[in-house]
Structures are given as C-alpha cells and as structure tokens.
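Source file structure23.tsv; content: TSV, C-alpha atoms and all ligand atoms.
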chain	number	residue	atom	x	y	z
A	1	MET	CA	1.23	19.77	-5.30
A	2	THR	CA	-2.24	18.21	-5.65
A	3	PHE	CA	-3.90	15.60	-3.46
A	4	LEU	CA	-3.04	12.95	-6.05
A	5	ASP	CA	0.69	13.75	-5.66
A	6	ARG	CA	0.54	12.95	-1.95
A	7	ILE	CA	0.10	9.20	-1.92
A	8	THR	CA	1.20	7.36	1.22
A	9	PHE	CA	3.43	4.24	0.76
A	10	ALA	CA	4.88	5.30	-2.61
A	11	ALA	CA	8.65	5.81	-2.13
A	12	PRO	CA	9.65	8.88	-4.21
A	13	ALA	CA	12.08	7.72	-6.92
A	14	ALA	CA	14.06	10.96	-6.49
A	15	ARG	CA	14.85	10.06	-2.87
A	16	LEU	CA	15.24	6.28	-3.01
A	17	ASP	CA	17.12	5.00	-6.08
A	18	ARG	CA	16.01	1.37	-6.34
A	19	ALA	CA	19.27	0.69	-8.25
A	20	ALA	CA	17.99	-2.51	-9.89
A	21	HIS	CA	21.24	-2.83	-11.90
A	22	ARG	CA	23.16	-3.29	-8.63
A	23	ARG	CA	20.99	-6.03	-7.11
A	24	ALA	CA	23.31	-8.81	-8.31
A	25	GLU	CA	26.11	-7.30	-6.20
A	26	ALA	CA	23.93	-6.84	-3.10
A	27	GLU	CA	26.15	-9.07	-0.93
A	28	THR	CA	29.16	-6.86	-1.67
A	29	LEU	CA	27.11	-3.71	-1.04
A	30	ALA	CA	26.01	-5.14	2.31
A	31	ARG	CA	29.67	-5.18	3.44
A	32	ALA	CA	30.23	-1.53	2.46
A	33	PRO	CA	31.02	0.59	5.55
A	34	GLY	CA	28.11	2.96	4.89
A	35	ALA	CA	25.48	0.22	4.40
A	36	ARG	CA	22.38	0.88	6.48
A	37	ALA	CA	19.20	-1.03	7.24
A	38	VAL	CA	15.63	-0.59	8.34
A	39	ALA	CA	14.19	-3.35	10.51
A	40	LEU	CA	10.94	-5.14	11.14
A	41	SER	CA	9.95	-7.45	13.96
A	42	GLU	CA	6.88	-9.67	13.72
A	43	GLY	CA	5.44	-7.49	10.94
A	44	ARG	CA	6.01	-4.23	12.84
A	45	ILE	CA	8.39	-1.57	11.59
A	46	ALA	CA	11.06	-0.01	13.86
A	47	VAL	CA	10.23	3.69	14.28
A	48	ALA	CA	12.25	6.39	16.07
A	49	LEU	CA	9.85	8.22	18.37
A	50	ASP	CA	11.99	11.14	19.54
A	51	GLY	CA	10.81	14.31	17.78
A	52	ASP	CA	9.01	13.78	14.47
A	53	LYS	CA	8.31	10.09	13.98
A	54	ARG	CA	10.71	8.57	11.44
A	55	LEU	CA	11.90	5.20	10.25
A	56	ALA	CA	14.92	4.03	12.27
A	57	ARG	CA	18.03	3.35	10.15
A	58	TRP	CA	21.02	1.45	11.60
A	59	PRO	CA	24.46	0.46	10.32
A	60	LEU	CA	23.69	-2.92	8.72
A	61	ALA	CA	26.60	-4.57	10.56
A	62	ALA	CA	25.03	-3.66	13.94
A	63	LEU	CA	21.93	-5.82	13.40
A	64	GLU	CA	21.37	-9.57	13.54
A	65	PRO	CA	18.84	-10.58	10.90
A	66	ALA	CA	16.50	-13.50	11.57
A	67	GLY	CA	15.97	-14.17	7.84
A	68	GLU	CA	16.55	-12.65	4.40
A	69	VAL	CA	18.27	-9.27	3.99
A	70	VAL	CA	16.71	-7.36	1.09
A	71	PHE	CA	18.51	-4.64	-0.88
A	72	LEU	CA	16.07	-1.71	-1.13
A	73	GLY	CA	18.33	0.62	-3.12
A	74	VAL	CA	20.55	3.65	-2.56
A	75	GLU	CA	19.53	6.51	-0.27
A	76	ASP	CA	21.75	9.60	0.08
A	77	GLY	CA	24.56	7.68	-1.64
A	78	ALA	CA	24.46	4.75	0.82
A	79	PRO	CA	23.11	1.22	0.21
A	80	LEU	CA	19.90	0.63	2.16
A	81	PHE	CA	18.65	-2.81	3.22
A	82	ALA	CA	15.61	-4.24	5.00
A	83	LEU	CA	15.70	-7.12	7.43
A	84	ASP	CA	13.56	-8.89	10.00
A	85	LEU	CA	14.86	-9.10	13.57
A	86	GLY	CA	12.39	-11.84	14.46
A	87	PRO	CA	10.63	-11.79	17.86
A	88	LEU	CA	12.54	-9.41	20.16
A	89	ASP	CA	14.00	-10.70	23.43
A	90	GLU	CA	14.07	-8.40	26.44
A	91	PRO	CA	17.71	-7.17	26.02
A	92	MET	CA	17.02	-6.25	22.37
A	93	ARG	CA	13.76	-4.54	23.29
A	94	GLU	CA	15.65	-2.50	25.90
A	95	ARG	CA	18.43	-1.70	23.41
A	96	LEU	CA	15.88	-0.32	20.96
A	97	ALA	CA	14.02	1.60	23.67
A	98	ALA	CA	17.30	3.16	24.85
A	99	GLY	CA	17.70	4.57	21.33
A	100	GLY	CA	14.11	5.86	21.34
A	101	VAL	CA	13.02	3.15	18.89
A	102	LYS	CA	9.94	0.92	18.99
A	103	PRO	CA	8.45	-1.58	16.50
A	104	ILE	CA	5.02	-0.24	15.50
A	105	ASP	CA	2.23	-1.54	13.27
A	106	LEU	CA	2.75	0.35	9.99
A	107	ARG	CA	-0.98	0.94	9.58
A	108	SER	CA	-1.14	2.92	12.82
A	109	VAL	CA	1.90	5.14	12.13
A	110	ALA	CA	2.06	5.63	8.33
A	111	ALA	CA	0.14	8.91	8.25
A	112	GLU	CA	2.70	10.44	10.67
A	113	LEU	CA	5.79	9.38	8.67
A	114	SER	CA	7.34	11.34	5.79
A	115	THR	CA	6.40	10.19	2.27
A	116	LEU	CA	9.91	8.77	1.88
A	117	ASP	CA	9.85	6.83	5.16
A	118	ALA	CA	6.34	5.46	4.58
A	119	GLY	CA	7.46	4.37	1.09
A	120	ILE	CA	10.60	2.66	2.36
A	121	ALA	CA	8.63	0.97	5.14
A	122	ALA	CA	6.06	-0.25	2.61
A	123	THR	CA	8.72	-1.72	0.32
A	124	ALA	CA	10.45	-3.39	3.27
A	125	ARG	CA	7.24	-4.84	4.68
A	126	SER	CA	5.98	-6.19	1.33
A	127	MET	CA	9.34	-7.71	0.37
A	128	LEU	CA	10.05	-9.39	3.72
A	129	SER	CA	6.49	-10.67	3.89
A	130	TRP	CA	6.87	-12.15	0.38
A	131	HIS	CA	10.02	-14.05	1.37
A	132	GLU	CA	8.37	-15.31	4.55
A	133	ARG	CA	5.36	-16.68	2.65
A	134	HIS	CA	7.16	-18.03	-0.44
A	135	ARG	CA	9.90	-20.29	0.92
A	136	PHE	CA	8.85	-23.17	-1.34
A	137	CYS	CA	8.68	-23.41	-5.12
A	138	SER	CA	5.11	-23.09	-6.41
A	139	ALA	CA	6.01	-25.32	-9.38
A	140	CYS	CA	7.51	-28.35	-7.58
A	141	GLY	CA	7.17	-27.71	-3.83
A	142	ARG	CA	10.90	-27.86	-3.00
A	143	PRO	CA	12.69	-25.10	-1.03
A	144	SER	CA	13.74	-21.99	-2.97
A	145	ALA	CA	16.55	-19.54	-2.22
A	146	MET	CA	16.85	-15.79	-2.50
A	147	LEU	CA	18.82	-14.12	-5.35
A	148	ASP	CA	19.40	-10.58	-6.72
A	149	GLY	CA	19.37	-8.85	-3.34
A	150	GLY	CA	15.96	-10.36	-2.58
A	151	TRP	CA	14.17	-9.46	-5.82
A	152	ARG	CA	14.02	-13.08	-7.01
A	153	ARG	CA	13.81	-16.56	-5.55
A	154	ARG	CA	15.09	-19.55	-7.44
A	155	CYS	CA	14.23	-23.21	-6.95
A	156	GLU	CA	17.35	-25.39	-6.67
A	157	ALA	CA	15.44	-28.50	-7.73
A	158	CYS	CA	13.58	-27.45	-10.91
A	159	GLY	CA	15.33	-24.14	-11.71
A	160	ALA	CA	12.12	-22.05	-11.73
A	161	SER	CA	12.49	-18.36	-10.89
A	162	HIS	CA	9.89	-16.60	-8.74
A	163	PHE	CA	9.42	-12.83	-8.50
A	164	PRO	CA	7.82	-10.65	-5.80
A	165	ARG	CA	4.06	-10.94	-5.95
A	166	LEU	CA	1.79	-7.96	-6.47
A	167	ASP	CA	-2.04	-8.05	-6.45
A	168	PRO	CA	-3.66	-5.38	-8.68
A	169	VAL	CA	-6.82	-3.72	-7.36
A	170	VAL	CA	-8.89	-0.98	-8.99
A	171	ILE	CA	-10.48	1.69	-6.80
A	172	MET	CA	-12.90	4.12	-8.38
A	173	LEU	CA	-14.26	7.59	-7.95
A	174	VAL	CA	-17.63	6.99	-9.59
A	175	VAL	CA	-19.21	10.38	-10.27
A	176	ARG	CA	-22.46	11.74	-11.71
A	177	GLU	CA	-23.57	15.38	-11.69
A	178	ASP	CA	-21.60	16.55	-8.65
A	179	HIS	CA	-22.25	13.34	-6.70
A	180	VAL	CA	-19.89	10.50	-5.84
A	181	LEU	CA	-20.76	6.86	-5.22
A	182	ILE	CA	-19.60	5.51	-1.85
A	183	GLY	CA	-20.19	2.23	-0.07
A	184	ARG	CA	-19.71	0.54	3.24
A	185	GLN	CA	-18.61	-2.99	4.13
A	186	PRO	CA	-20.20	-4.52	7.23
A	187	GLN	CA	-16.86	-5.23	8.98
A	188	TRP	CA	-15.65	-1.60	8.80
A	189	PRO	CA	-15.56	0.72	11.85
A	190	PRO	CA	-18.90	2.46	12.53
A	191	GLY	CA	-19.75	5.21	10.04
A	192	LEU	CA	-16.77	4.57	7.74
A	193	HIS	CA	-17.59	4.89	4.03
A	194	SER	CA	-15.23	4.61	1.10
A	195	LEU	CA	-14.94	4.26	-2.66
A	196	LEU	CA	-15.74	0.95	-4.32
A	197	ALA	CA	-12.78	-1.31	-5.13
A	198	GLY	CA	-12.03	-4.79	-6.42
A	199	TYR	CA	-9.35	-7.12	-7.80
A	200	VAL	CA	-8.41	-7.05	-11.46
A	201	GLU	CA	-8.92	-10.53	-12.90
A	202	PRO	CA	-6.73	-12.43	-15.38
A	203	GLY	CA	-7.54	-11.51	-18.97
A	204	GLU	CA	-9.07	-8.16	-17.99
A	205	THR	CA	-7.95	-4.52	-18.32
A	206	PRO	CA	-8.15	-2.29	-15.24
A	207	GLU	CA	-10.76	-0.15	-17.03
A	208	ASP	CA	-13.01	-3.17	-17.61
A	209	ALA	CA	-12.45	-4.25	-14.00
A	210	VAL	CA	-13.77	-0.81	-12.91
A	211	ARG	CA	-16.96	-1.28	-14.98
A	212	ARG	CA	-17.47	-4.88	-13.85
A	213	GLU	CA	-16.90	-4.17	-10.13
A	214	VAL	CA	-19.23	-1.14	-10.04
A	215	MET	CA	-21.93	-3.16	-11.79
A	216	GLU	CA	-21.43	-6.21	-9.52
A	217	GLU	CA	-21.26	-4.29	-6.24
A	218	ALA	CA	-23.72	-1.47	-6.86
A	219	GLY	CA	-25.62	-2.30	-10.06
A	220	VAL	CA	-24.55	1.02	-11.60
A	221	PRO	CA	-23.52	1.13	-15.30
A	222	VAL	CA	-20.25	2.97	-15.99
A	223	GLY	CA	-19.16	4.66	-19.24
A	224	ARG	CA	-15.85	6.47	-19.54
A	225	VAL	CA	-13.01	5.53	-17.19
A	226	ARG	CA	-9.79	7.51	-16.66
A	227	TYR	CA	-6.63	6.69	-14.68
A	228	LEU	CA	-5.83	9.05	-11.78
A	229	ALA	CA	-3.04	7.69	-9.54
A	230	ALA	CA	-1.88	4.52	-7.80
A	231	GLN	CA	-0.87	3.47	-4.30
A	232	PRO	CA	1.26	0.56	-3.13
A	233	TRP	CA	-0.65	-0.97	-0.18
A	234	PRO	CA	1.78	-3.17	1.80
A	235	PHE	CA	-0.71	-5.42	3.66
A	236	PRO	CA	0.83	-7.49	2.29
A	237	SER	CA	1.33	-6.53	-1.37
A	238	THR	CA	-1.51	-4.83	-3.21
A	239	LEU	CA	-1.26	-2.18	-5.92
A	240	MET	CA	-4.29	0.12	-5.63
A	241	MET	CA	-4.96	1.73	-9.02
A	242	GLY	CA	-7.25	4.76	-8.81
A	243	TYR	CA	-9.67	5.65	-11.62
A	244	ALA	CA	-12.31	8.29	-12.25
A	245	ALA	CA	-15.45	6.68	-13.68
A	246	GLU	CA	-18.56	8.21	-15.24
A	247	ALA	CA	-21.82	6.67	-14.00
A	248	LEU	CA	-24.54	6.42	-16.65
A	249	ASP	CA	-27.51	6.15	-14.28
A	250	TRP	CA	-28.61	6.84	-10.69
A	251	PRO	CA	-30.35	3.72	-9.29
A	252	ILE	CA	-28.18	1.64	-6.93
A	253	THR	CA	-28.63	-2.05	-6.14
A	254	PRO	CA	-25.97	-2.99	-3.56
A	255	ASP	CA	-24.76	-6.58	-3.57
A	256	PRO	CA	-25.41	-7.69	0.05
A	257	ALA	CA	-22.50	-10.17	-0.16
A	258	GLU	CA	-20.09	-7.25	-0.69
A	259	LEU	CA	-21.68	-4.11	0.73
A	260	GLU	CA	-23.84	-3.21	3.70
A	261	SER	CA	-24.92	-0.07	1.84
A	262	ALA	CA	-24.07	2.16	-1.11
A	263	GLU	CA	-25.25	5.69	-1.85
A	264	TRP	CA	-24.73	8.87	-3.83
A	265	VAL	CA	-23.22	11.71	-1.80
A	266	SER	CA	-23.11	15.33	-2.92
A	267	ARG	CA	-19.89	17.32	-2.97
A	268	ALA	CA	-21.21	19.54	-0.14
A	269	GLU	CA	-21.92	16.50	2.03
A	270	MET	CA	-18.49	15.06	1.28
A	271	VAL	CA	-16.86	18.33	2.38
A	272	GLU	CA	-18.60	17.89	5.75
A	273	ALA	CA	-17.58	14.21	5.97
A	274	LEU	CA	-13.91	15.00	5.22
A	275	ALA	CA	-13.96	17.71	7.89
A	276	GLY	CA	-15.35	15.21	10.41
A	277	ARG	CA	-18.58	17.18	10.72
A	278	HIS	CA	-21.03	14.86	8.96
A	279	PRO	CA	-23.58	13.33	11.38
A	280	ARG	CA	-23.48	9.90	9.68
A	281	LEU	CA	-20.56	9.56	7.25
A	282	ALA	CA	-16.93	9.04	8.33
A	283	PRO	CA	-14.38	9.48	5.50
A	284	PRO	CA	-11.72	6.96	4.35
A	285	ARG	CA	-8.58	6.72	6.51
A	286	LEU	CA	-5.90	9.38	6.04
A	287	ASP	CA	-3.27	7.08	4.49
A	288	ALA	CA	-5.62	5.49	1.92
A	289	ILE	CA	-5.73	6.51	-1.74
A	290	ALA	CA	-9.53	6.60	-1.40
A	291	ARG	CA	-8.99	9.61	0.88
A	292	SER	CA	-6.60	11.34	-1.57
A	293	MET	CA	-9.02	10.72	-4.47
A	294	THR	CA	-11.99	12.02	-2.49
A	295	GLU	CA	-10.09	15.12	-1.32
A	296	ALA	CA	-8.95	15.76	-4.91
A	297	TRP	CA	-12.52	15.51	-6.19
A	298	VAL	CA	-13.85	17.86	-3.51
A	299	ALA	CA	-11.04	20.34	-4.28
A	300	GLY	CA	-11.96	20.30	-8.00
A	301	GLU	CA	-8.69	18.61	-9.02
A	302	VAL	CA	-10.49	15.77	-10.81
A	303	GLU	CA	-12.56	16.84	-13.78
A	304	GLY	CA	-15.03	14.32	-15.15
A	305	PRO	CA	-13.62	11.20	-16.76
A	401	ZN	ZN	10.84	-25.99	-8.21
Mind turning this structure into structure tokens?
Ligand SMILES: [Zn+2]
Amino acid sequence: MTFLDRITFAAPAARLDRAAHRRAEAETLARAPGARAVALSEGRIAVALDGDKRLARWPLAALEPAGEVVFLGVEDGAPLFALDLGPLDEPMRERLAAGGVKPIDLRSVAAELSTLDAGIAATARSMLSWHERHRFCSACGRPSAMLDGGWRRRCEACGASHFPRLDPVVIMLVVREDHVLIGRQPQWPPGLHSLLAGYVEPGETPEDAVRREVMEEAGVPVGRVRYLAAQPWPFPSTLMMGYAAEALDWPITPDPAELESAEWVSRAEMVEALAGRHPRLAPPRLDAIARSMTEAWVAGEVEGP
C-alpha cells in the first residue's frame, strides 16, 4: 500500500459495486426489503458517532426523503441509496441523536471515516448536490426530471438528457533536483502551503493544463508530465487529477492574482512540514490528494516524471 493508494473520497470498486446496469430498475430495488440508505441534511452527512466514526445506514423505508433518492449501487449484496432529509425538525434531530447519529460537514469528518464510507459519502454528496442545482433544463429552461436511479435528468419539454456534472482539475507535484514547488493562496489558513492546481480547459489535455497552469501561476517552464493518481473532491463535484511534472528552471514569478507566494522546498524541509515541525510551513490537509502526493514524494514513491 503506497500513499497514492490511500486517496480519500474514492469509493473502492471492490466494496461498492456501482451496478450501472441496474440503474433503470432503481425504483424496484428501492422496494427490496434489504434496501438501505445514507442521508444528508442541508449538505451535511449523517455520521454514527458511537465508537469509530462511520456513515450511518438505515433501512430505506424508515426515512422520509425531501427530494430525489439516488441509487448508489450494491454494498454487501444490498441496494444502497442516498437521500436528503431536508432541514431537520426537533423530533427528527432527537431521533437521530438517540441512535448516536449527527449530520456533520463532510470536510470536517472525512479523514476519520473509512475509505469506503468517505467514498460513499462523496458520491452521495456530489449526486444530491447536482440534482439540487440542476432542476431546470440548460437547453430550454423548463423543469427536468430524474431518471436511471438519479444518474440522468431528462427534460420533458425538449427531450434533452443531462448527466451528472464533473469539473476536471489538474494538481501537480512540480519537482527539480530534490525540491518541490509549493504555493499559497491568500485566503488559506495561516501557514498552509500546497501544490499548484487549476482547471482543465475545453480543447486541452490534462498534461498541457499542467504546463499552462504552472507557467501562469509561477512562471516556471515544465517539461515531462506523468499521471500519478486522482481524487474525487465532492465540494461539489471536482475530479482532482494528480501529475508529477519536471520543472526546467528555478526562477519563480508568482501571479499575484492567484498566489500570495510560491517557493521551492527541499525534501528535508517537507519532511519537517509534514511532521508539523516546520516553523513556517503547514502541510496540505490530511484528506487532500496534495497531501498524499507530497507524502509519496517524501517517501520516495514518486520517481521523477
Ligand atoms: Zn429542455
């Protein structure tokens, strides 16, 4: 197991079968006696707090959804769904609390969940958020309705189909002679530094997006680029694609519109930062792929690109 195998928010395919071929029969599956559901309320995910923190799963029939019910797949042989409970009234809040369950912001709890639970929570959050924000057809503006267990919306008026949205972002471990390029955005918590990242644009490969973003943000030319790993980032629906990139020169010119600062950091300094012992640099958050990529580089798991 390397650092790049431990990516938060990626549901392991071996544990959650997304069962795409069964989406058309999702309504029938929802009536199966063993059907279970995970729940959100106002963007927070219901977590069981007794013992190790884990995602709460209920019999689907025991919950009253406030909106769409999305078929996530099959877990341990049972259909698994995601739904939104809407704002909780006091009796419901008490009912959850009696079962040791509380809705929690996924960002604050993800690092404490199992890989499977964080992955299921991420899928649930992204999918429910997509339905909430895409009620109307982007082609004609009329209302659309959910199909295929939530994996498609279709416009009744013009017939257009709409699929869950995903925004591709590249994030890069830019290295040169045992140094890595890190930057800092002004709105981040004090001391926090991370890898550079940016959206992939239409008509562009991820590799070219890596070269363009590093040049735009830091003025550093990049040569070879190699794919490392990816992370679904459910706030609301980004796909972070991690690359190793070879810098061709040292001088840095940070773009003040994007970065407060950017600098080269040696491997030894990064070891101190990751251990929380660096006087000035705080590392990326535990659940971010930037952290996994940095840990992998420090551990020697990433050779040059
Ligand atoms: Zn339409």
Any chance you could tabulate, as CSV, the residues of chain A at most 12 Å from ligand ZN 401 (chain A) with each one's nearest atom pair and distance in Å to one decimal, using all atoms listed in the file, in chain and rising number order?
residue,atom,partner,partner_atom,distance
A:His134,CA,A:ZN401,ZN,11.7
A:Arg135,CA,A:ZN401,ZN,10.8
A:Phe136,CA,A:ZN401,ZN,7.7
A:Cys137,CA,A:ZN401,ZN,4.6
A:Ser138,CA,A:ZN401,ZN,6.7
A:Ala139,CA,A:ZN401,ZN,5.0
A:Cys140,CA,A:ZN401,ZN,4.1
A:Gly141,CA,A:ZN401,ZN,6.0
A:Arg142,CA,A:ZN401,ZN,5.5
A:Pro143,CA,A:ZN401,ZN,7.5
A:Ser144,CA,A:ZN401,ZN,7.2
A:Ala145,CA,A:ZN401,ZN,10.5
A:Arg153,CA,A:ZN401,ZN,10.2
A:Arg154,CA,A:ZN401,ZN,7.8
A:Cys155,CA,A:ZN401,ZN,4.6
A:Glu156,CA,A:ZN401,ZN,6.7
A:Ala157,CA,A:ZN401,ZN,5.3
A:Cys158,CA,A:ZN401,ZN,4.1
A:Gly159,CA,A:ZN401,ZN,6.0
A:Ala160,CA,A:ZN401,ZN,5.4
A:Ser161,CA,A:ZN401,ZN,8.3
A:His162,CA,A:ZN401,ZN,9.5
Generate a file of the selected residues that holds C-alpha atoms, formatted as a compact mmCIF listing (two decimals), keeping the file's coordinate frame.
# COMPACT_ATOMS: atom_id res chain seq x y z
CA HIS A 134 7.16 -18.03 -0.44
CA ARG A 135 9.90 -20.29 0.92
CA PHE A 136 8.85 -23.17 -1.34
CA CYS A 137 8.68 -23.41 -5.12
CA SER A 138 5.11 -23.09 -6.41
CA ALA A 139 6.01 -25.32 -9.38
CA CYS A 140 7.51 -28.35 -7.58
CA GLY A 141 7.17 -27.71 -3.83
CA ARG A 142 10.90 -27.86 -3.00
CA PRO A 143 12.69 -25.10 -1.03
CA SER A 144 13.74 -21.99 -2.97
CA ALA A 145 16.55 -19.54 -2.22
CA ARG A 153 13.81 -16.56 -5.55
CA ARG A 154 15.09 -19.55 -7.44
CA CYS A 155 14.23 -23.21 -6.95
CA GLU A 156 17.35 -25.39 -6.67
CA ALA A 157 15.44 -28.50 -7.73
CA CYS A 158 13.58 -27.45 -10.91
CA GLY A 159 15.33 -24.14 -11.71
CA ALA A 160 12.12 -22.05 -11.73
CA SER A 161 12.49 -18.36 -10.89
CA HIS A 162 9.89 -16.60 -8.74
Excluding same-chain residues fewer than 3 positions from Ser41 (chain A), what lies within 6 Å of it counting only C-alpha atoms, as a PDB file with C-alpha atoms, keeping the file's coordinate frame?
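Dumped to result_24.pdb:
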ATOM      1  CA  ARG A  44       6.010  -4.230  12.840  1.00  0.00           C
ATOM      2  CA  ASP A  84      13.560  -8.890  10.000  1.00  0.00           C
ATOM      3  CA  LEU A  85      14.860  -9.100  13.570  1.00  0.00           C
ATOM      4  CA  GLY A  86      12.390 -11.840  14.460  1.00  0.00           C
ATOM      5  CA  PRO A  87      10.630 -11.790  17.860  1.00  0.00           C
TER       6      PRO A  87
END
Polymer residues at most 10 Å from region 230-234 of chain A, all atoms listed in the file, same-chain spacing of 2 or more positions, as JSON, numbers by chain = {"A": [4, 5, 6, 7, 8, 9, 10, 11, 106, 107, 119, 121, 122, 123, 124, 125, 126, 127, 129, 166, 167, 168, 169, 170, 171, 227, 228, 236, 237, 238, 239, 240, 241, 242, 243, 287, 288, 289, 290]}
Residue nearest Pro254 (chain A) - candidates A:His278, A:Glu213, A:Met293, A:Arg224, atoms counted: all atoms listed in the file =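 The closest residue to Pro254 (chain A) is A:Glu213.
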Near-Val70 (chain A) list (10 Å; only C-alpha atoms; drop same-chain fewer than 3 positions) as a VMD selection string = chain A and resid 23 26 to 27 30 37 to 38 67 73 80 to 84 123 to 124 127 to 128 131 146 to 151
Atom pair CA of Ile120 (chain A) / CA of Pro59 (chain A): separation (Å) |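 Distance between the two atoms: 16.1 Å.
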Would you mind telling me which residue in A:Val180, A:Val302, A:Ala97, A:Ala46 lies nearest to Asp117 (chain A) when using all atoms listed in the file?
->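 Of all the options, A:Ala46 lies closest to Asp117 (chain A).
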One-decimal distance in Å that lies between CA of Arg36 (chain A) and CA of Met92 (chain A) =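 Computing the Euclidean distance for CA of Met92 (chain A) and CA of Arg36 (chain A) yields 18.2 Å.
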Selection near Glu177 (chain A), 10 Å with all atoms listed in the file, sequence-local residues under 5 positions removed, as a count of residues only = 6
Counting only C-alpha atoms, figure out which residue out of A:Leu55, A:Ala110, A:Val298, A:Val101 gets nearest to Leu173 (chain A).
->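 Among the listed residues, the smallest separation from Leu173 (chain A) belongs to A:Val298.
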Give the centre and edge lengths of an axis-aligned box, in Å to one decimal, that holds all listed atoms of region 119-126 of chain A with 6 Å on each side, as lines of an AutoDock Vina configuration file.
center_x = 8.3
center_y = -0.9
center_z = 2.7
size_x = 16.6
size_y = 22.6
size_z = 16.8
Counting all atoms listed in the file, the residue of A:Glu42, A:Glu64, A:Asp52, A:Glu90 that sits nearest Ile104 (chain A) | A:Glu42
Using all atoms listed in the file: which of A:Leu281, A:His179, A:Met172, A:Lys102 has the shortest distance to Ala229 (chain A) = A:Met172
CA of Pro189 (chain A) to CA of Leu274 (chain A): how many Å, to one decimal?
->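 Distance reported for this atom pair: 15.8 Å.
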Measuring atom to atom with all atoms listed in the file, identify which of A:Leu248, A:Ala78, A:Val222, A:Leu192 is nearest to Pro279 (chain A).
-> A:Leu192
Kindly add all heavy atoms to the incomplete region 200-207 of chain A and provide the output as a compact mmCIF listing (two decimals), keeping the file's coordinate frame.
# COMPACT_ATOMS: atom_id res chain seq x y z
N VAL A 200 -8.44 -6.85 -10.01
CA VAL A 200 -8.41 -7.05 -11.46
C VAL A 200 -8.24 -8.55 -11.70
O VAL A 200 -7.43 -9.19 -11.03
CB VAL A 200 -7.24 -6.28 -12.10
CG1 VAL A 200 -7.25 -6.44 -13.61
CG2 VAL A 200 -7.30 -4.80 -11.73
N GLU A 201 -9.00 -9.10 -12.64
CA GLU A 201 -8.92 -10.53 -12.90
C GLU A 201 -8.05 -10.84 -14.12
O GLU A 201 -7.85 -9.97 -14.97
CB GLU A 201 -10.33 -11.08 -13.11
CG GLU A 201 -11.18 -10.94 -11.85
CD GLU A 201 -12.58 -11.51 -12.00
OE1 GLU A 201 -12.99 -11.77 -13.16
OE2 GLU A 201 -13.23 -11.69 -10.96
N PRO A 202 -7.52 -12.05 -14.19
CA PRO A 202 -6.73 -12.43 -15.38
C PRO A 202 -7.53 -12.22 -16.66
O PRO A 202 -8.74 -12.48 -16.69
CB PRO A 202 -6.44 -13.92 -15.16
CG PRO A 202 -6.50 -14.10 -13.67
CD PRO A 202 -7.55 -13.13 -13.19
N GLY A 203 -6.88 -11.71 -17.68
CA GLY A 203 -7.54 -11.51 -18.97
C GLY A 203 -8.42 -10.28 -19.02
O GLY A 203 -9.32 -10.18 -19.86
N GLU A 204 -8.20 -9.32 -18.10
CA GLU A 204 -9.07 -8.16 -17.99
C GLU A 204 -8.22 -6.89 -17.88
O GLU A 204 -7.20 -6.89 -17.22
CB GLU A 204 -9.91 -8.33 -16.71
CG GLU A 204 -10.95 -7.27 -16.45
CD GLU A 204 -11.75 -7.56 -15.18
OE1 GLU A 204 -11.13 -7.80 -14.13
OE2 GLU A 204 -12.98 -7.55 -15.26
N THR A 205 -8.65 -5.80 -18.52
CA THR A 205 -7.95 -4.52 -18.32
C THR A 205 -8.47 -3.90 -17.02
O THR A 205 -9.58 -4.18 -16.58
CB THR A 205 -8.24 -3.54 -19.47
OG1 THR A 205 -9.65 -3.22 -19.46
CG2 THR A 205 -7.86 -4.12 -20.83
N PRO A 206 -7.66 -2.99 -16.43
CA PRO A 206 -8.15 -2.29 -15.24
C PRO A 206 -9.45 -1.53 -15.52
O PRO A 206 -10.35 -1.50 -14.67
CB PRO A 206 -7.01 -1.33 -14.89
CG PRO A 206 -5.79 -1.93 -15.50
CD PRO A 206 -6.25 -2.65 -16.72
N GLU A 207 -9.56 -0.92 -16.71
CA GLU A 207 -10.76 -0.15 -17.03
C GLU A 207 -12.01 -1.05 -17.04
O GLU A 207 -13.07 -0.66 -16.54
CB GLU A 207 -10.61 0.53 -18.41
CG GLU A 207 -9.62 1.69 -18.42
CD GLU A 207 -8.15 1.25 -18.53
OE1 GLU A 207 -7.89 0.02 -18.56
OE2 GLU A 207 -7.28 2.13 -18.57
